[in-house]
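Structure data follow from work_33.csv (CSV, C-alpha atoms and all ligand atoms):
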chain,number,residue,atom,x,y,z
A,305,MET,CA,0.0,0.0,0.0
A,306,SER,CA,1.3,3.4,-0.9
A,307,THR,CA,0.9,6.4,1.4
A,308,VAL,CA,-0.3,9.7,0.0
A,309,ILE,CA,0.1,12.8,2.0
A,310,ILE,CA,-2.6,15.6,1.5
A,311,ARG,CA,-2.3,19.0,3.2
A,312,LYS,CA,-4.2,22.2,2.9
A,313,ALA,CA,-2.0,24.9,1.5
A,314,ALA,CA,-1.7,28.3,-0.2
A,315,TYR,CA,1.1,30.0,-2.1
A,316,ASN,CA,2.8,31.3,1.0
A,317,TYR,CA,6.4,30.0,1.5
A,318,GLN,CA,5.9,29.8,5.3
A,319,LEU,CA,3.1,27.3,4.7
A,320,ILE,CA,4.6,25.4,1.7
A,321,ARG,CA,8.1,24.8,3.0
A,322,PRO,CA,7.2,22.7,6.1
A,323,ILE,CA,4.6,20.6,4.0
A,324,VAL,CA,7.1,19.8,1.3
A,325,PHE,CA,9.8,19.0,3.9
A,326,GLU,CA,7.3,16.7,5.7
A,327,MET,CA,6.6,14.9,2.4
A,328,LEU,CA,10.2,14.5,1.6
A,329,GLU,CA,11.1,13.4,5.1
A,330,SER,CA,8.3,10.8,5.2
A,331,GLY,CA,9.4,7.1,5.3
A,332,GLU,CA,8.4,6.6,1.7
A,333,ALA,CA,10.5,9.4,0.3
A,334,PRO,CA,14.0,8.6,-1.2
A,335,VAL,CA,17.0,8.9,1.1
A,336,ILE,CA,19.1,11.9,0.1
A,337,ASP,CA,22.6,12.2,1.4
A,338,THR,CA,25.7,14.3,0.8
A,339,GLY,CA,26.5,14.1,-2.9
A,340,THR,CA,23.2,12.5,-4.0
A,341,ARG,CA,22.2,13.7,-7.5
A,342,VAL,CA,18.7,15.0,-7.3
A,343,LEU,CA,16.7,15.9,-10.4
A,344,ILE,CA,13.6,18.0,-9.8
A,345,LYS,CA,11.2,17.8,-12.8
A,346,PRO,CA,8.5,20.5,-12.5
A,347,ASN,CA,5.8,21.0,-15.1
A,348,PHE,CA,7.4,23.7,-17.3
A,349,LEU,CA,4.8,23.5,-20.0
A,350,ALA,CA,5.3,27.1,-21.4
A,351,PRO,CA,6.2,30.6,-20.3
A,352,ALA,CA,3.4,31.8,-18.0
A,353,ILE,CA,2.9,33.8,-14.8
A,354,PRO,CA,2.4,31.6,-11.7
A,355,GLU,CA,-1.2,32.8,-11.3
A,356,ALA,CA,-2.1,31.2,-14.6
A,357,ALA,CA,-1.6,27.7,-13.1
A,358,VAL,CA,0.0,26.5,-16.3
A,359,THR,CA,3.3,25.5,-14.6
A,360,THR,CA,4.4,24.2,-11.2
A,361,HIS,CA,4.5,27.1,-8.8
A,362,PRO,CA,8.1,28.3,-8.2
A,363,LEU,CA,7.7,28.2,-4.4
A,364,ILE,CA,7.1,24.5,-4.5
A,365,VAL,CA,10.2,24.0,-6.7
A,366,LYS,CA,12.2,26.2,-4.2
A,367,ALA,CA,11.1,24.2,-1.2
A,368,ALA,CA,12.0,20.8,-2.8
A,369,ALA,CA,15.4,22.3,-3.9
A,370,GLU,CA,16.1,23.7,-0.4
A,371,PHE,CA,15.3,20.3,1.2
A,372,ALA,CA,17.7,18.5,-1.1
A,373,LEU,CA,20.4,21.1,-0.7
A,374,GLY,CA,20.0,20.9,3.0
A,375,LYS,CA,20.9,17.2,2.8
A,376,GLY,CA,24.1,18.0,0.8
A,377,ALA,CA,22.7,16.9,-2.6
A,378,ARG,CA,23.7,18.2,-6.0
A,379,VAL,CA,20.4,19.6,-7.4
A,380,GLN,CA,19.3,20.0,-11.0
A,381,ILE,CA,16.0,21.4,-12.1
A,382,SER,CA,15.0,20.5,-15.7
A,383,ASP,CA,12.2,20.0,-18.1
A,384,SER,CA,11.6,20.4,-21.8
A,385,PRO,CA,8.9,23.1,-22.4
A,386,ALA,CA,6.5,22.3,-25.2
A,387,MET,CA,6.3,26.0,-26.2
A,388,GLY,CA,8.5,29.0,-25.8
A,389,SER,CA,12.1,29.5,-24.7
A,390,PHE,CA,13.4,28.1,-21.5
A,391,ALA,CA,15.0,31.5,-20.5
A,392,LYS,CA,11.6,33.2,-21.0
A,393,LEU,CA,9.9,30.5,-18.9
A,394,LEU,CA,12.3,31.0,-16.0
A,395,LYS,CA,11.8,34.8,-16.0
A,396,LYS,CA,8.0,34.9,-16.6
A,397,GLY,CA,7.3,31.9,-14.3
A,398,GLY,CA,9.1,33.6,-11.4
A,399,TYR,CA,11.7,30.8,-11.1
A,400,GLU,CA,14.7,33.1,-11.8
A,401,GLU,CA,13.7,35.4,-8.9
A,402,VAL,CA,12.7,32.7,-6.4
A,403,LEU,CA,15.7,30.4,-7.0
A,404,LYS,CA,18.2,33.3,-6.8
A,405,GLY,CA,21.0,32.4,-4.4
A,406,LEU,CA,20.4,28.7,-4.4
A,407,ASP,CA,23.2,26.5,-5.5
A,408,VAL,CA,21.2,24.6,-8.2
A,409,THR,CA,21.7,23.9,-11.9
A,410,VAL,CA,18.7,24.9,-13.9
A,411,LYS,CA,18.7,23.8,-17.5
A,412,PRO,CA,16.4,22.2,-20.2
A,413,PHE,CA,16.6,18.6,-21.1
A,414,GLU,CA,18.7,18.4,-24.2
A,415,LYS,CA,18.4,15.1,-25.8
A,416,THR,CA,16.2,12.1,-25.7
A,417,ILE,CA,17.8,8.7,-25.2
A,418,GLN,CA,16.3,5.4,-26.3
A,419,VAL,CA,15.0,3.1,-23.6
A,420,ASP,CA,13.6,-0.3,-23.8
A,421,VAL,CA,9.9,0.3,-23.8
A,422,THR,CA,8.3,-1.1,-26.9
A,423,GLN,CA,6.8,1.2,-29.5
A,424,MET,CA,3.4,-0.3,-28.7
A,425,MET,CA,3.5,1.8,-25.5
A,426,LEU,CA,3.7,5.4,-24.3
A,427,THR,CA,2.1,7.0,-20.9
A,428,LEU,CA,1.4,10.9,-17.7
A,429,GLY,CA,2.0,12.9,-11.7
A,430,VAL,CA,2.4,10.0,-14.3
A,431,LYS,CA,1.6,12.3,-17.3
A,432,ASN,CA,4.2,14.9,-16.1
A,433,LEU,CA,7.0,12.5,-17.0
A,434,PHE,CA,6.0,12.8,-20.7
A,435,GLY,CA,7.8,16.1,-20.4
A,436,CYS,CA,11.0,14.2,-20.3
A,437,ILE,CA,10.6,13.7,-24.0
A,438,VAL,CA,12.5,16.5,-25.6
A,439,GLY,CA,10.9,19.4,-27.6
A,440,LEU,CA,9.7,18.4,-31.0
A,441,LYS,CA,9.8,14.7,-30.2
A,442,LYS,CA,6.6,15.3,-28.0
A,443,PRO,CA,4.2,16.2,-30.9
A,444,GLU,CA,5.8,13.4,-32.9
A,445,TRP,CA,4.9,10.8,-30.2
A,446,HIS,CA,1.4,12.5,-29.9
A,447,MET,CA,1.0,12.0,-33.6
A,448,ARG,CA,2.2,8.4,-33.5
A,449,ALA,CA,0.1,7.3,-30.5
A,450,GLY,CA,-2.5,10.0,-30.1
A,451,VAL,CA,-4.8,8.4,-32.6
A,452,ASP,CA,-5.4,5.5,-30.1
A,453,ARG,CA,-6.1,6.7,-26.6
A,454,GLN,CA,-5.3,3.4,-25.0
A,455,MET,CA,-2.0,3.1,-26.9
A,456,PHE,CA,-1.1,6.6,-25.8
A,457,GLY,CA,-2.0,5.8,-22.2
A,458,ARG,CA,0.2,2.7,-22.3
A,459,LEU,CA,3.0,4.8,-23.8
A,460,ILE,CA,2.7,7.4,-21.0
A,461,VAL,CA,2.8,4.7,-18.3
A,462,SER,CA,5.8,3.0,-19.9
A,463,ILE,CA,7.7,6.3,-20.1
A,464,PHE,CA,6.9,6.9,-16.4
A,465,GLU,CA,8.0,3.4,-15.4
A,466,ALA,CA,11.2,3.8,-17.4
A,467,VAL,CA,12.1,7.2,-15.8
A,468,GLY,CA,11.0,5.9,-12.3
A,469,PRO,CA,10.8,9.1,-10.3
A,470,ALA,CA,11.5,8.6,-6.6
A,471,TYR,CA,8.8,11.0,-5.3
A,472,THR,CA,5.9,13.0,-6.7
A,473,ILE,CA,4.6,16.3,-5.3
A,474,MET,CA,1.4,17.5,-7.0
A,475,ASP,CA,0.8,21.3,-7.0
A,476,GLY,CA,-2.9,21.3,-6.4
A,477,ILE,CA,-3.1,24.7,-4.7
A,478,LEU,CA,-4.2,26.4,-7.9
A,479,ALA,CA,-5.5,23.7,-10.3
A,480,MET,CA,-6.7,24.2,-13.9
A,481,GLU,CA,-10.2,23.6,-15.0
A,482,GLY,CA,-11.5,23.3,-18.6
A,483,GLN,CA,-9.5,23.1,-21.8
A,484,GLY,CA,-6.1,22.8,-20.2
A,485,PRO,CA,-3.3,22.3,-19.8
A,486,GLY,CA,-2.5,25.3,-22.0
A,487,ARG,CA,-3.8,28.8,-21.7
A,488,SER,CA,-7.4,27.9,-22.5
A,489,GLY,CA,-7.9,26.5,-19.0
A,490,THR,CA,-9.3,28.4,-16.1
A,491,PRO,CA,-7.3,28.4,-12.8
A,492,ARG,CA,-9.4,27.0,-9.9
A,493,GLU,CA,-8.4,27.1,-6.2
A,494,LEU,CA,-8.1,23.6,-4.7
A,495,GLY,CA,-5.7,24.6,-1.9
A,496,LEU,CA,-4.0,21.2,-1.7
A,497,LEU,CA,-0.5,19.8,-1.9
A,498,ILE,CA,-0.4,16.1,-2.5
A,499,GLY,CA,2.7,14.0,-2.3
A,500,GLY,CA,3.6,10.3,-2.5
A,501,LYS,CA,6.2,7.8,-3.6
A,502,SER,CA,3.8,6.3,-6.1
A,503,ALA,CA,2.6,8.9,-8.7
A,504,HIS,CA,-0.1,6.4,-9.6
A,505,ALA,CA,-1.4,6.6,-6.1
A,506,VAL,CA,-1.1,10.4,-6.1
A,507,ASP,CA,-3.1,10.6,-9.3
A,508,HIS,CA,-5.7,8.2,-7.9
A,509,VAL,CA,-6.2,10.4,-4.8
A,510,VAL,CA,-6.5,13.6,-7.0
A,511,CYS,CA,-9.2,11.9,-9.0
A,512,LEU,CA,-11.1,11.0,-5.9
A,513,GLN,CA,-10.7,14.6,-4.6
A,514,VAL,CA,-12.2,16.1,-7.7
A,515,GLY,CA,-14.9,13.5,-7.9
A,516,LEU,CA,-13.6,11.7,-11.0
A,517,ASP,CA,-13.7,8.0,-11.4
A,518,PRO,CA,-9.9,7.1,-11.6
A,519,GLU,CA,-10.7,4.5,-14.3
A,520,TYR,CA,-11.6,7.5,-16.5
A,521,LEU,CA,-7.9,8.4,-16.7
A,522,GLU,CA,-6.1,6.4,-19.3
A,523,THR,CA,-3.0,6.3,-17.2
A,524,GLN,CA,-4.8,4.8,-14.2
A,525,ARG,CA,-6.6,2.2,-16.3
A,526,ASN,CA,-3.5,1.2,-18.3
A,527,ALA,CA,-1.3,1.1,-15.2
A,528,ARG,CA,-3.7,-1.3,-13.6
A,529,GLU,CA,-4.0,-3.4,-16.8
A,530,MET,CA,-0.2,-3.5,-17.1
A,531,GLY,CA,0.0,-4.7,-13.6
A,532,VAL,CA,2.2,-1.8,-12.4
A,533,TYR,CA,-0.4,-0.2,-10.1
A,534,ASP,CA,-3.2,-1.8,-8.1
A,535,PRO,CA,-5.4,0.7,-6.2
A,536,ASP,CA,-6.9,-2.0,-4.0
A,537,TYR,CA,-5.8,-4.6,-1.5
A,538,LEU,CA,-6.2,-7.3,-4.1
A,539,GLY,CA,-3.3,-5.9,-6.1
A,540,TRP,CA,-0.8,-8.6,-5.2
A,541,PHE,CA,-3.4,-11.3,-5.7
A,542,MET,CA,-4.5,-9.9,-9.1
A,543,ARG,CA,-0.9,-9.6,-10.4
A,544,LYS,CA,-0.1,-13.1,-9.3
A,545,PHE,CA,-3.2,-15.0,-10.2
A,546,VAL,CA,-5.5,-13.0,-12.5
A,547,ILE,CA,-3.6,-10.7,-14.8
A,548,GLN,CA,-2.0,-12.3,-17.8
A,549,LYS,CA,1.8,-12.8,-17.5
A,550,PRO,CA,4.7,-14.1,-19.6
A,551,VAL,CA,5.6,-17.8,-19.3
A,552,ALA,CA,8.4,-19.6,-21.0
A,553,ASP,CA,8.5,-22.9,-22.8
A,554,ASN,CA,11.7,-24.3,-21.4
A,555,LYS,CA,11.9,-27.0,-24.0
A,556,ALA,CA,12.0,-24.3,-26.8
A,557,CYS,CA,14.3,-22.0,-24.8
A,558,LYS,CA,17.9,-22.0,-26.0
A,559,LEU,CA,19.1,-19.9,-23.1
A,560,CYS,CA,20.4,-17.2,-25.5
A,561,GLY,CA,19.8,-14.5,-22.8
A,562,GLU,CA,18.1,-12.0,-25.1
A,563,CYS,CA,15.0,-11.9,-22.9
A,564,TRP,CA,16.8,-11.1,-19.6
A,565,LYS,CA,19.1,-8.6,-21.4
A,566,TYR,CA,16.1,-6.6,-22.7
A,567,CYS,CA,13.7,-6.9,-19.7
A,568,PRO,CA,13.3,-3.3,-18.4
A,569,ALA,CA,12.2,-4.5,-15.0
A,570,GLN,CA,15.0,-7.1,-14.6
A,571,ALA,CA,12.2,-9.6,-13.8
A,572,ILE,CA,13.8,-12.5,-15.6
A,573,SER,CA,16.3,-14.9,-14.1
A,574,TYR,CA,17.8,-18.3,-15.0
A,575,THR,CA,17.5,-21.2,-12.6
A,576,ASP,CA,18.2,-24.9,-12.9
A,577,ARG,CA,14.7,-25.4,-14.1
A,578,GLY,CA,15.0,-22.8,-16.8
A,579,ILE,CA,13.7,-19.2,-17.2
A,580,SER,CA,11.9,-17.8,-14.3
A,581,PHE,CA,9.8,-14.6,-14.1
A,582,ASN,CA,9.3,-12.4,-11.1
A,583,THR,CA,5.6,-11.6,-11.4
A,584,ASP,CA,5.8,-8.9,-8.6
A,585,THR,CA,8.2,-6.7,-10.6
A,586,CYS,CA,7.3,-7.7,-14.1
A,587,ILE,CA,5.5,-4.7,-15.8
A,588,ARG,CA,3.8,-6.8,-18.5
A,589,CYS,CA,5.5,-4.9,-21.3
A,590,TYR,CA,6.1,-8.2,-23.2
A,591,CYS,CA,9.4,-7.0,-24.6
A,592,CYS,CA,10.7,-10.5,-23.7
A,593,LEU,CA,8.1,-12.1,-25.9
A,594,GLU,CA,9.0,-9.8,-28.8
A,595,VAL,CA,12.8,-10.3,-28.6
A,596,CYS,CA,12.9,-14.1,-28.1
A,597,PRO,CA,14.3,-15.5,-31.3
A,598,HIS,CA,13.0,-19.0,-30.5
A,599,ALA,CA,9.4,-18.1,-29.8
A,600,ALA,CA,9.8,-19.6,-26.4
A,601,ILE,CA,7.8,-17.0,-24.4
A,602,ARG,CA,4.1,-16.5,-24.6
A,603,ALA,CA,1.5,-14.4,-22.6
A,604,GLN,CA,-0.7,-16.6,-20.5
A,605,LYS,CA,-3.7,-15.8,-18.4
A,606,PRO,CA,-3.6,-17.7,-15.0
A,607,LEU,CA,-6.6,-20.0,-14.2
A,608,ALA,CA,-8.2,-17.4,-11.9
A,609,GLY,CA,-7.9,-14.8,-14.7
A,610,LYS,CA,-9.7,-17.2,-17.1
A,611,VAL,CA,-12.5,-17.8,-14.7
A,612,VAL,CA,-12.9,-14.0,-14.1
A,613,ALA,CA,-12.9,-13.5,-17.9
A,614,TRP,CA,-15.5,-16.2,-18.4
A,615,PHE,CA,-17.8,-14.7,-15.7
A,616,THR,CA,-17.4,-11.2,-17.2
A,617,LYS,CA,-18.3,-12.4,-20.7
A,618,ASN,CA,-21.3,-14.5,-19.6
A,701,LIG,S1,15.1,-15.1,-25.4
A,701,LIG,FE1,13.9,-17.0,-25.6
A,701,LIG,S2,15.4,-18.5,-26.1
A,701,LIG,FE2,16.6,-16.8,-25.3
A,701,LIG,S3,16.8,-17.2,-23.1
A,701,LIG,FE3,14.9,-16.0,-23.3
A,701,LIG,S4,13.3,-17.5,-23.5
A,701,LIG,FE4,15.2,-18.5,-23.9
A,702,LIG,S1,9.5,-10.3,-17.8
A,702,LIG,FE1,8.9,-9.8,-19.9
A,702,LIG,S2,6.9,-8.8,-19.7
A,702,LIG,FE2,7.8,-8.8,-17.7
A,702,LIG,S3,8.9,-6.8,-17.5
A,702,LIG,FE3,10.4,-8.3,-18.3
A,702,LIG,S4,10.3,-8.1,-20.5
A,702,LIG,FE4,8.4,-7.1,-19.7
Transcribe the structure of this file into structure tokens.
Amino acid sequence: MSTVIIRKAAYNYQLIRPIVFEMLESGEAPVIDTGTRVLIKPNFLAPAIPEAAVTTHPLIVKAAAEFALGKGARVQISDSPAMGSFAKLLKKGGYEEVLKGLDVTVKPFEKTIQVDVTQMMLTLGVKNLFGCIVGLKKPEWHMRAGVDRQMFGRLIVSIFEAVGPAYTIMDGILAMEGQGPGRSGTPRELGLLIGGKSAHAVDHVVCLQVGLDPEYLETQRNAREMGVYDPDYLGWFMRKFVIQKPVADNKACKLCGECWKYCPAQAISYTDRGISFNTDTCIRCYCCLEVCPHAAIRAQKPLAGKVVAWFTKN
């Protein structure tokens, strides 16, 4: 079970600082020591004043940076704005002013590297990580996957899992309503800061706060279907006994090692009895199935999953 911390807040540094520190000091937050490299990834969508609620408020970024600096970390603040120049964003968004005097590196992401998520997938607290795709690559991916909402949802979840952020803080003090996240939305006061180790859990709580069924969010549904997030107590049981999983035919397997080399979750190991999958860490991306040159891996629904499927169909 993930813990999500929700606190009433306003854009007042005396209020925000202790809340952000409380979140980052909680048992679920990453341990930061002297020399730890900390990357803070705010939502820097486009140059906009803080009151427009288009970007993460600079005071929240400042509090997170001060916390990490206080632990002796090396702190970098980066994102890849979808529109406008990075320098203009820092000035207009108030970051230049607020971060003055702090020993942090502030720069845009410069290049995208290839990671082992298949092209069938792309995914968003969770959606924010799509910002790690640099500049013009973003619309290119939107074009490729945007025609299919589910595929886009899977892609966003896969990018999120590949980046693997250690902690997520959601700036819900001033949220955006309507046709966001650009300038067509309307800022709406929620007065909340929400933080958690699992961005999936943070997103889930935000949905409940605004009265939205979490299943309506592609990222929530896809994360659940991919087995990377289970919002209920049955999560472990579902992953183990209901959701489809990769299985190997050890007679066909030639032990070439391609599957465990490509597995992004490092969920495959070799034992005396052949290939073995760790179903707790496997993210159901099925890269292993695609790369196996001997067709020795297939996706299989466990018996309980088949029973559930039968009952849902009939
Ligand atoms: S890629 Fe296929 S053949 Fe190679 S080790 Fe994995 S299961 Fe065996
Ligand atoms: S075991 Fe296969 S399906 Fe599971 S995470 Fe690894 S590559 Fe993906």
With only C-alpha atoms and all ligand atoms counted and 6 Å as the cut-off, give the residues of chain A in contact with ligand LIG 702 (chain A), each with its shortest interatomic distance in Å and the pair that gives it, as JSON lines.
{"residue": "A:Pro550", "atom": "CA", "partner": "A:LIG702", "partner_atom": "S2", "distance": 5.7}
{"residue": "A:Cys567", "atom": "CA", "partner": "A:LIG702", "partner_atom": "S4", "distance": 3.7}
{"residue": "A:Pro568", "atom": "CA", "partner": "A:LIG702", "partner_atom": "S3", "distance": 5.7}
{"residue": "A:Ala569", "atom": "CA", "partner": "A:LIG702", "partner_atom": "S3", "distance": 4.7}
{"residue": "A:Ala571", "atom": "CA", "partner": "A:LIG702", "partner_atom": "S1", "distance": 4.9}
{"residue": "A:Ile572", "atom": "CA", "partner": "A:LIG702", "partner_atom": "S1", "distance": 5.3}
{"residue": "A:Phe581", "atom": "CA", "partner": "A:LIG702", "partner_atom": "S1", "distance": 5.7}
{"residue": "A:Cys586", "atom": "CA", "partner": "A:LIG702", "partner_atom": "FE2", "distance": 3.8}
{"residue": "A:Ile587", "atom": "CA", "partner": "A:LIG702", "partner_atom": "S3", "distance": 4.3}
{"residue": "A:Arg588", "atom": "CA", "partner": "A:LIG702", "partner_atom": "S2", "distance": 3.9}
{"residue": "A:Cys589", "atom": "CA", "partner": "A:LIG702", "partner_atom": "FE4", "distance": 4.0}
{"residue": "A:Tyr590", "atom": "CA", "partner": "A:LIG702", "partner_atom": "S2", "distance": 3.6}
{"residue": "A:Cys591", "atom": "CA", "partner": "A:LIG702", "partner_atom": "S4", "distance": 4.3}
{"residue": "A:Cys592", "atom": "CA", "partner": "A:LIG702", "partner_atom": "S4", "distance": 4.0}
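Excluding A:Cys560 itself and any same-chain residue fewer than 4 positions from it, the protein and nucleic acid residues within 12 Å of it, counting all atoms listed in the file, are A:Asn554, A:Ala556, A:Trp564, A:Lys565, A:Tyr566, A:Tyr574, A:Gly578, A:Ile579, A:Cys592, A:Val595, A:Cys596, A:Pro597, A:His598, A:Ala599, A:Ala600.
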**Prompt:** For A:Gln570, which residue out of A:Ala377, A:Ala505, A:Ala466, A:Leu497 is the nearest one, using only C-alpha atoms?
**Reply:** A:Ala466
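Distance-wise, atom CA of A:Ile381 and atom CA of A:Pro469 end up 13.5 Å apart.
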**Item:** Gap from atom CA of A:Ala352 to atom CA of A:Ile364 - Å, one decimal
**Value:** 15.8 Å
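Take atom CA of A:Gly468 and atom CA of A:Gly331: the distance between them is 17.7 Å.
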